[in-house]
>>> print(open('target_37.txt').read())   # compact mmCIF, C-alpha atoms
# COMPACT_ATOMS: atom_id res chain seq x y z
CA MET C 1 -42.07 30.13 27.12
CA THR C 2 -40.30 27.02 25.83
CA GLY C 3 -43.31 24.87 26.58
CA GLN C 4 -45.40 26.90 24.10
CA LYS C 5 -43.18 26.18 21.09
CA GLY C 6 -44.80 22.88 20.22
CA LEU C 7 -46.31 19.70 21.52
CA PHE C 8 -43.04 17.78 21.27
CA SER C 9 -40.57 20.60 22.00
CA THR C 10 -40.48 20.00 25.75
CA SER C 11 -38.88 17.11 27.63
CA VAL C 12 -42.31 15.66 28.42
CA GLY C 13 -43.39 16.12 24.80
CA ARG C 14 -40.34 14.32 23.50
CA LYS C 15 -40.94 11.42 25.89
CA ASN C 16 -44.55 11.25 24.69
CA LEU C 17 -43.31 11.13 21.10
CA MET C 18 -40.88 8.40 22.11
CA ALA C 19 -43.76 6.48 23.71
CA ILE C 20 -46.11 6.82 20.72
CA THR C 21 -43.54 5.79 18.13
CA GLY C 22 -42.27 3.01 20.38
CA LEU C 23 -45.72 1.51 20.89
CA PHE C 24 -46.38 1.70 17.15
CA LEU C 25 -43.14 -0.17 16.48
CA ALA C 26 -44.03 -2.73 19.17
CA PHE C 27 -47.36 -3.37 17.43
CA PHE C 28 -45.56 -3.80 14.10
CA LEU C 29 -43.28 -6.42 15.68
CA ILE C 30 -46.31 -8.59 16.40
CA ILE C 31 -47.38 -8.57 12.73
CA HIS C 32 -43.83 -9.08 11.53
CA LEU C 33 -43.28 -12.02 13.87
CA LEU C 34 -46.47 -13.76 12.74
CA GLY C 35 -45.22 -13.59 9.16
CA ASN C 36 -41.76 -14.83 10.07
CA LEU C 37 -43.17 -17.85 11.89
CA THR C 38 -44.48 -19.22 8.58
CA LEU C 39 -40.83 -20.08 7.90
CA LEU C 40 -40.93 -22.76 10.57
CA PHE C 41 -43.95 -24.85 9.66
CA GLY C 42 -44.50 -27.50 7.03
CA THR C 43 -42.08 -28.91 4.51
CA ASN C 44 -39.54 -26.68 2.79
CA GLU C 45 -41.82 -26.39 -0.24
CA GLU C 46 -44.86 -25.54 1.89
CA ALA C 47 -42.93 -22.98 3.97
CA MET C 48 -41.53 -21.41 0.79
CA GLU C 49 -45.00 -21.13 -0.74
CA HIS C 50 -46.60 -19.65 2.38
CA PHE C 51 -43.79 -17.24 3.23
CA ASN C 52 -43.33 -15.92 -0.31
CA GLU C 53 -47.05 -15.50 -0.95
CA TYR C 54 -47.51 -13.81 2.43
CA SER C 55 -44.64 -11.39 1.74
CA HIS C 56 -45.90 -10.66 -1.76
CA LEU C 57 -49.46 -10.04 -0.54
CA LEU C 58 -48.28 -7.52 2.05
CA GLY C 59 -46.11 -5.74 -0.50
CA SER C 60 -48.97 -5.45 -2.99
CA LEU C 61 -51.55 -3.89 -0.66
CA THR C 62 -51.75 -0.10 -0.74
CA ILE C 63 -52.66 0.14 2.95
CA ILE C 64 -49.58 -1.92 3.85
CA LYS C 65 -47.38 0.33 1.73
CA LEU C 66 -48.71 3.35 3.60
CA VAL C 67 -48.13 1.61 6.93
CA SER C 68 -44.58 0.77 5.84
CA TYR C 69 -43.87 4.46 5.20
CA ALA C 70 -45.23 5.24 8.66
CA LEU C 71 -42.99 2.49 10.01
CA TYR C 72 -39.84 3.97 8.44
CA ALA C 73 -40.79 7.40 9.76
CA ALA C 74 -41.42 5.95 13.24
CA ILE C 75 -38.01 4.23 13.31
CA ILE C 76 -36.20 7.44 12.32
CA THR C 77 -38.28 9.60 14.67
CA HIS C 78 -37.82 7.17 17.58
CA ALA C 79 -34.04 7.06 17.07
CA LEU C 80 -33.64 10.82 16.67
CA ASP C 81 -35.90 11.53 19.63
CA ALA C 82 -33.84 9.14 21.76
CA LEU C 83 -30.67 10.96 20.66
CA LEU C 84 -32.15 14.34 21.63
CA ILE C 85 -33.14 13.00 25.05
CA ILE C 86 -29.65 11.53 25.52
CA LEU C 87 -27.96 14.81 24.58
CA LYS C 88 -30.29 16.79 26.82
CA ASN C 89 -29.51 14.49 29.76
CA GLN C 90 -25.78 14.75 29.10
CA LYS C 91 -26.03 18.51 29.09
CA ALA C 92 -28.19 18.58 32.21
CA HIS C 93 -26.07 16.19 34.26
CA GLY C 94 -22.66 16.98 32.81
CA ASP C 95 -21.64 13.32 32.67
CA LYS C 96 -22.02 10.28 30.43
CA TYR C 97 -25.63 9.47 29.72
CA VAL C 98 -26.50 5.86 30.41
CA SER C 99 -30.19 5.91 31.18
CA PHE C 100 -33.57 7.53 30.95
CA ASP C 101 -33.70 6.87 34.68
CA ALA C 102 -30.37 7.76 36.26
CA SER C 103 -31.23 6.24 39.62
CA ALA C 104 -28.50 3.92 40.86
CA THR C 105 -31.23 1.58 42.11
CA SER C 106 -32.81 1.12 38.67
CA PRO C 107 -32.18 -2.09 36.67
CA TRP C 108 -29.11 -2.14 34.41
CA TYR C 109 -31.24 -2.32 31.26
CA SER C 110 -33.10 0.80 32.36
CA ARG C 111 -29.80 2.63 32.81
CA ASN C 112 -28.56 1.44 29.42
CA MET C 113 -31.52 2.00 27.11
CA GLY C 114 -29.31 4.11 24.86
CA VAL C 115 -26.84 1.25 24.44
CA LEU C 116 -29.60 -1.30 23.82
CA GLY C 117 -31.26 1.04 21.36
CA SER C 118 -27.97 1.51 19.49
CA ILE C 119 -27.54 -2.27 19.16
CA ILE C 120 -31.07 -2.55 17.79
CA LEU C 121 -30.53 0.33 15.35
CA ILE C 122 -27.36 -1.30 13.99
CA PHE C 123 -29.30 -4.56 13.69
CA ILE C 124 -32.10 -2.84 11.74
CA VAL C 125 -29.58 -1.44 9.25
CA LEU C 126 -28.01 -4.90 8.85
CA HIS C 127 -31.41 -6.58 8.58
CA MET C 128 -32.66 -4.18 5.91
CA GLY C 129 -29.41 -4.59 3.99
CA ASN C 130 -29.74 -8.38 4.06
CA PHE C 131 -33.38 -8.56 3.01
CA TRP C 132 -35.28 -5.33 2.34
CA ALA C 133 -32.71 -3.79 -0.03
CA LYS C 134 -32.51 -6.98 -2.08
CA TYR C 135 -36.21 -7.84 -2.04
CA LYS C 136 -37.69 -4.37 -2.44
CA LEU C 137 -34.98 -2.41 -4.25
CA GLY C 138 -33.14 -5.17 -6.07
CA ILE C 139 -29.79 -4.03 -4.65
CA GLY C 140 -27.44 -7.03 -4.68
CA ALA C 141 -30.24 -9.26 -5.96
CA GLU C 142 -28.41 -10.28 -9.13
CA GLY C 143 -28.26 -14.05 -9.47
CA LEU C 144 -30.76 -14.71 -6.67
CA ASP C 145 -33.42 -17.40 -7.19
CA GLN C 146 -36.78 -16.17 -8.45
CA PHE C 147 -40.26 -17.20 -7.37
CA THR C 148 -43.47 -17.13 -9.41
CA TYR C 149 -46.46 -16.08 -7.33
CA ASP C 150 -50.04 -17.27 -7.76
CA SER C 151 -50.76 -13.97 -9.51
CA GLY C 152 -48.25 -14.85 -12.22
CA GLU C 153 -45.76 -12.18 -11.15
CA THR C 154 -42.13 -13.08 -10.58
CA GLY C 155 -39.77 -11.75 -7.94
CA VAL C 156 -36.91 -12.57 -5.62
CA ASN C 157 -37.46 -15.87 -3.80
CA LEU C 158 -37.43 -14.33 -0.33
CA TYR C 159 -37.69 -17.70 1.38
CA LYS C 160 -34.48 -18.98 -0.21
CA LEU C 161 -32.78 -15.66 0.51
CA VAL C 162 -33.69 -15.96 4.20
CA VAL C 163 -32.55 -19.59 4.37
CA ALA C 164 -29.24 -18.82 2.65
CA THR C 165 -28.65 -15.85 4.96
CA PHE C 166 -29.34 -17.85 8.11
CA LYS C 167 -26.88 -20.56 7.11
CA MET C 168 -24.12 -18.18 8.18
CA GLU C 169 -23.28 -18.94 11.81
CA TRP C 170 -21.96 -15.49 12.68
CA LEU C 171 -25.11 -13.84 11.36
CA VAL C 172 -27.35 -16.16 13.37
CA GLY C 173 -25.32 -15.18 16.44
CA VAL C 174 -25.74 -11.47 15.66
CA TYR C 175 -29.49 -11.91 15.29
CA VAL C 176 -29.85 -13.79 18.57
CA ILE C 177 -27.76 -11.24 20.51
CA SER C 178 -29.75 -8.40 18.92
CA MET C 179 -33.03 -10.06 19.93
CA ILE C 180 -31.82 -10.33 23.53
CA ALA C 181 -31.14 -6.60 23.42
CA LEU C 182 -34.59 -6.08 21.90
CA GLY C 183 -36.20 -8.05 24.72
CA TYR C 184 -34.71 -5.85 27.44
CA HIS C 185 -35.43 -2.73 25.40
CA LEU C 186 -39.06 -3.75 24.97
CA TYR C 187 -39.54 -4.69 28.62
CA HIS C 188 -38.42 -1.30 29.88
CA GLY C 189 -39.72 0.64 26.87
CA VAL C 190 -43.30 -0.67 26.85
CA ASN C 191 -43.73 -0.04 30.57
CA ALA C 192 -42.17 3.42 30.30
CA ALA C 193 -44.33 4.23 27.26
CA THR C 194 -47.59 3.30 28.97
CA ARG C 195 -46.64 5.53 31.92
CA SER C 196 -45.73 8.40 29.59
CA ILE C 197 -49.10 8.41 27.83
CA GLY C 198 -51.04 7.97 31.07
CA VAL C 199 -52.22 4.36 30.72
CA TYR C 200 -50.42 3.17 33.82
CA HIS C 201 -52.63 3.10 36.92
CA LYS C 202 -51.10 2.16 40.28
CA LYS C 203 -53.83 -0.40 40.80
CA TRP C 204 -52.69 -2.33 37.72
CA MET C 205 -48.96 -1.61 37.97
CA LYS C 206 -47.84 -5.18 38.72
CA THR C 207 -50.17 -6.66 36.13
CA MET C 208 -48.98 -4.27 33.43
CA GLU C 209 -45.34 -4.93 34.31
CA THR C 210 -45.99 -8.67 34.01
CA CYS C 211 -47.74 -8.18 30.66
CA GLY C 212 -44.80 -6.07 29.49
CA LYS C 213 -42.37 -8.80 30.50
CA ILE C 214 -44.39 -11.52 28.76
CA PHE C 215 -44.65 -9.40 25.61
CA ALA C 216 -40.90 -8.74 25.59
CA VAL C 217 -40.03 -12.41 26.11
CA VAL C 218 -42.47 -13.70 23.48
CA ILE C 219 -41.41 -11.19 20.83
CA SER C 220 -37.66 -11.48 21.40
CA PHE C 221 -37.73 -15.29 21.72
CA GLY C 222 -39.97 -15.60 18.66
CA PHE C 223 -37.63 -13.56 16.48
CA ALA C 224 -34.50 -15.23 17.91
CA ILE C 225 -35.74 -18.77 17.34
CA VAL C 226 -36.40 -18.22 13.61
CA PRO C 227 -32.75 -17.99 12.48
CA VAL C 228 -31.78 -20.82 14.85
CA VAL C 229 -34.44 -23.19 13.49
CA VAL C 230 -33.71 -22.17 9.89
CA TYR C 231 -29.99 -22.82 10.44
CA PHE C 232 -30.51 -26.32 11.80
CA ILE C 233 -33.61 -27.50 9.91
CA ARG C 234 -34.24 -25.63 6.64
>>> encode(input="target_37.txt", output="structure tokens")
Amino acid sequence: MTGQKGLFSTSVGRKNLMAITGLFLAFFLIIHLLGNLTLLFGTNEEAMEHFNEYSHLLGSLTIIKLVSYALYAAIITHALDALLIILKNQKAHGDKYVSFDASATSPWYSRNMGVLGSIILIFIVLHMGNFWAKYKLGIGAEGLDQFTYDSGETGVNLYKLVVATFKMEWLVGVYVISMIALGYHLYHGVNAATRSIGVYHKKWMKTMETCGKIFAVVISFGFAIVPVVVYFIR
């Protein structure tokens, strides 16, 4: 039987995989946001010191490197799994897939998770091209300011790179729009994920939905406010 081929070969299995990878990515967003918020506090010199040292510390820890590999794998797995679910739904219903829940009474963001996810995926590619490729791989890093860490090592001044990037109005707009998409994606995704893995009891349904909404708003607003503040203040 098809259900015997593997844990994630069935529709339920794929949704469980989607839930697990999604929740892992949601947890990562918390850590990532806390680091980004160091950009907003103190003088420019203080923010530069804190943000660069924080980024360098994370990049130098073996455990963080291993987590980063898991993160990349989770992003790819989450995106591919979503694509498989979309294609399966298209094949099953014979029309354009717009939702994990095709009910006409479901919220628009629930019916358009594929679209929201696509916006976020494009954003991730842009984001990694702007920062990760330059900071980690040195691609396009020629001529960028350098920063000397407390350890004596020298590398790309990530703080100045972020500030220079967020002085471009169109890019700030792209980031804010992408974070709005992320907020809706998280709100539906976190609630759907907890149901998929069986941590969604009817007794606590309203409470968990409220927690999901608060989480989505805090994360999306937190990430969206960073480029806005940097643009106007840094």
>>> atom_distance(input="target_37.txt", atom1="CA of Ile233 in chain C", atom2="CA of Tyr175 in chain C")
17.0 Å
>>> residues_around(input="target_37.txt", residues="Ile124 in chain C", least_positions_apart="5", cutoff="10 Å", atoms="all atoms listed in the file", output="MDAnalysis selection string")
chainID C and resid 75 118:119 129:130 178
>>> closest_residue(input="target_37.txt", among="C:Gly117, C:Gly183, C:Gly22, C:Gly189", to="Ala216 in chain C", atoms="all atoms listed in the file")
C:Gly183
>>> closest_residue(input="target_37.txt", among="C:Ser196, C:Gln146, C:Ser151, C:Asn112", to="Leu57 in chain C", atoms="all atoms listed in the file")
C:Ser151
>>> residues_around(input="target_37.txt", residues="Ile20 in chain C", least_positions_apart="3", cutoff="12 Å", atoms="only C-alpha atoms", output="PyMOL selection string")
chain C and resi 8+13-17+23-27+71+74-75+77-78+81+189-190+192-199
>>> closest_residue(input="target_37.txt", among="C:Lys65, C:His32, C:Leu84, C:Ala224", to="Phe166 in chain C", atoms="all atoms listed in the file")
C:Ala224
>>> atom_distance(input="target_37.txt", atom1="CA of Glu53 in chain C", atom2="CA of Ala73 in chain C")
26.0 Å
>>> atom_distance(input="target_37.txt", atom1="CA of His50 in chain C", atom2="CA of Phe28 in chain C")
19.7 Å
>>> closest_residue(input="target_37.txt", among="C:Phe223, C:Tyr72, C:Phe215, C:Phe131", to="Ala164 in chain C", atoms="all atoms listed in the file")
C:Phe131
>>> decode(input="target_37.txt", residues="range 194-213 of chain C", atoms="N, CA and C atoms", output="PDB file, in the first residue's frame")
ATOM      1  N   THR C 194       0.446  23.042  14.495  1.00  0.00           N
ATOM      2  CA  THR C 194       0.144  22.453  15.799  1.00  0.00           C
ATOM      3  C   THR C 194      -0.980  21.427  15.694  1.00  0.00           C
ATOM      4  N   ARG C 195      -1.931  21.680  14.791  1.00  0.00           N
ATOM      5  CA  ARG C 195      -3.002  20.685  14.574  1.00  0.00           C
ATOM      6  C   ARG C 195      -2.430  19.429  13.926  1.00  0.00           C
ATOM      7  N   SER C 196      -1.534  19.610  12.968  1.00  0.00           N
ATOM      8  CA  SER C 196      -0.979  18.475  12.227  1.00  0.00           C
ATOM      9  C   SER C 196      -0.214  17.519  13.128  1.00  0.00           C
ATOM     10  N   ILE C 197       0.520  18.072  14.107  1.00  0.00           N
ATOM     11  CA  ILE C 197       1.327  17.201  14.969  1.00  0.00           C
ATOM     12  C   ILE C 197       0.597  16.837  16.261  1.00  0.00           C
ATOM     13  N   GLY C 198      -0.685  17.196  16.337  1.00  0.00           N
ATOM     14  CA  GLY C 198      -1.516  16.745  17.447  1.00  0.00           C
ATOM     15  C   GLY C 198      -1.382  17.528  18.733  1.00  0.00           C
ATOM     16  N   VAL C 199      -0.948  18.805  18.654  1.00  0.00           N
ATOM     17  CA  VAL C 199      -0.832  19.612  19.867  1.00  0.00           C
ATOM     18  C   VAL C 199      -1.909  20.687  19.868  1.00  0.00           C
ATOM     19  N   TYR C 200      -3.084  20.319  19.416  1.00  0.00           N
ATOM     20  CA  TYR C 200      -4.145  21.319  19.236  1.00  0.00           C
ATOM     21  C   TYR C 200      -5.443  20.762  19.820  1.00  0.00           C
ATOM     22  N   HIS C 201      -5.631  20.944  21.118  1.00  0.00           N
ATOM     23  CA  HIS C 201      -6.812  20.418  21.796  1.00  0.00           C
ATOM     24  C   HIS C 201      -7.966  21.410  21.680  1.00  0.00           C
ATOM     25  N   LYS C 202      -9.177  20.899  21.514  1.00  0.00           N
ATOM     26  CA  LYS C 202     -10.352  21.769  21.358  1.00  0.00           C
ATOM     27  C   LYS C 202     -10.514  22.719  22.535  1.00  0.00           C
ATOM     28  N   LYS C 203     -10.149  22.242  23.708  1.00  0.00           N
ATOM     29  CA  LYS C 203     -10.299  23.042  24.915  1.00  0.00           C
ATOM     30  C   LYS C 203      -9.468  24.323  24.849  1.00  0.00           C
ATOM     31  N   TRP C 204      -8.303  24.221  24.172  1.00  0.00           N
ATOM     32  CA  TRP C 204      -7.387  25.359  24.111  1.00  0.00           C
ATOM     33  C   TRP C 204      -7.351  26.002  22.731  1.00  0.00           C
ATOM     34  N   MET C 205      -8.323  25.691  21.880  1.00  0.00           N
ATOM     35  CA  MET C 205      -8.295  26.147  20.499  1.00  0.00           C
ATOM     36  C   MET C 205      -8.200  27.672  20.388  1.00  0.00           C
ATOM     37  N   LYS C 206      -9.078  28.390  21.087  1.00  0.00           N
ATOM     38  CA  LYS C 206      -9.093  29.847  21.005  1.00  0.00           C
ATOM     39  C   LYS C 206      -7.797  30.446  21.542  1.00  0.00           C
ATOM     40  N   THR C 207      -7.319  29.876  22.653  1.00  0.00           N
ATOM     41  CA  THR C 207      -6.085  30.376  23.255  1.00  0.00           C
ATOM     42  C   THR C 207      -4.909  30.197  22.312  1.00  0.00           C
ATOM     43  N   MET C 208      -4.828  29.009  21.683  1.00  0.00           N
ATOM     44  CA  MET C 208      -3.721  28.734  20.782  1.00  0.00           C
ATOM     45  C   MET C 208      -3.805  29.594  19.528  1.00  0.00           C
ATOM     46  N   GLU C 209      -5.012  29.857  19.060  1.00  0.00           N
ATOM     47  CA  GLU C 209      -5.178  30.734  17.897  1.00  0.00           C
ATOM     48  C   GLU C 209      -4.719  32.153  18.234  1.00  0.00           C
ATOM     49  N   THR C 210      -5.055  32.595  19.446  1.00  0.00           N
ATOM     50  CA  THR C 210      -4.635  33.929  19.890  1.00  0.00           C
ATOM     51  C   THR C 210      -3.116  33.996  20.010  1.00  0.00           C
ATOM     52  N   CYS C 211      -2.520  32.948  20.577  1.00  0.00           N
ATOM     53  CA  CYS C 211      -1.057  32.907  20.707  1.00  0.00           C
ATOM     54  C   CYS C 211      -0.402  32.916  19.327  1.00  0.00           C
ATOM     55  N   GLY C 212      -1.007  32.180  18.389  1.00  0.00           N
ATOM     56  CA  GLY C 212      -0.480  32.152  17.021  1.00  0.00           C
ATOM     57  C   GLY C 212      -0.540  33.519  16.377  1.00  0.00           C
ATOM     58  N   LYS C 213      -1.635  34.230  16.636  1.00  0.00           N
ATOM     59  CA  LYS C 213      -1.792  35.578  16.064  1.00  0.00           C
ATOM     60  C   LYS C 213      -0.774  36.538  16.663  1.00  0.00           C
TER      61      LYS C 213
END
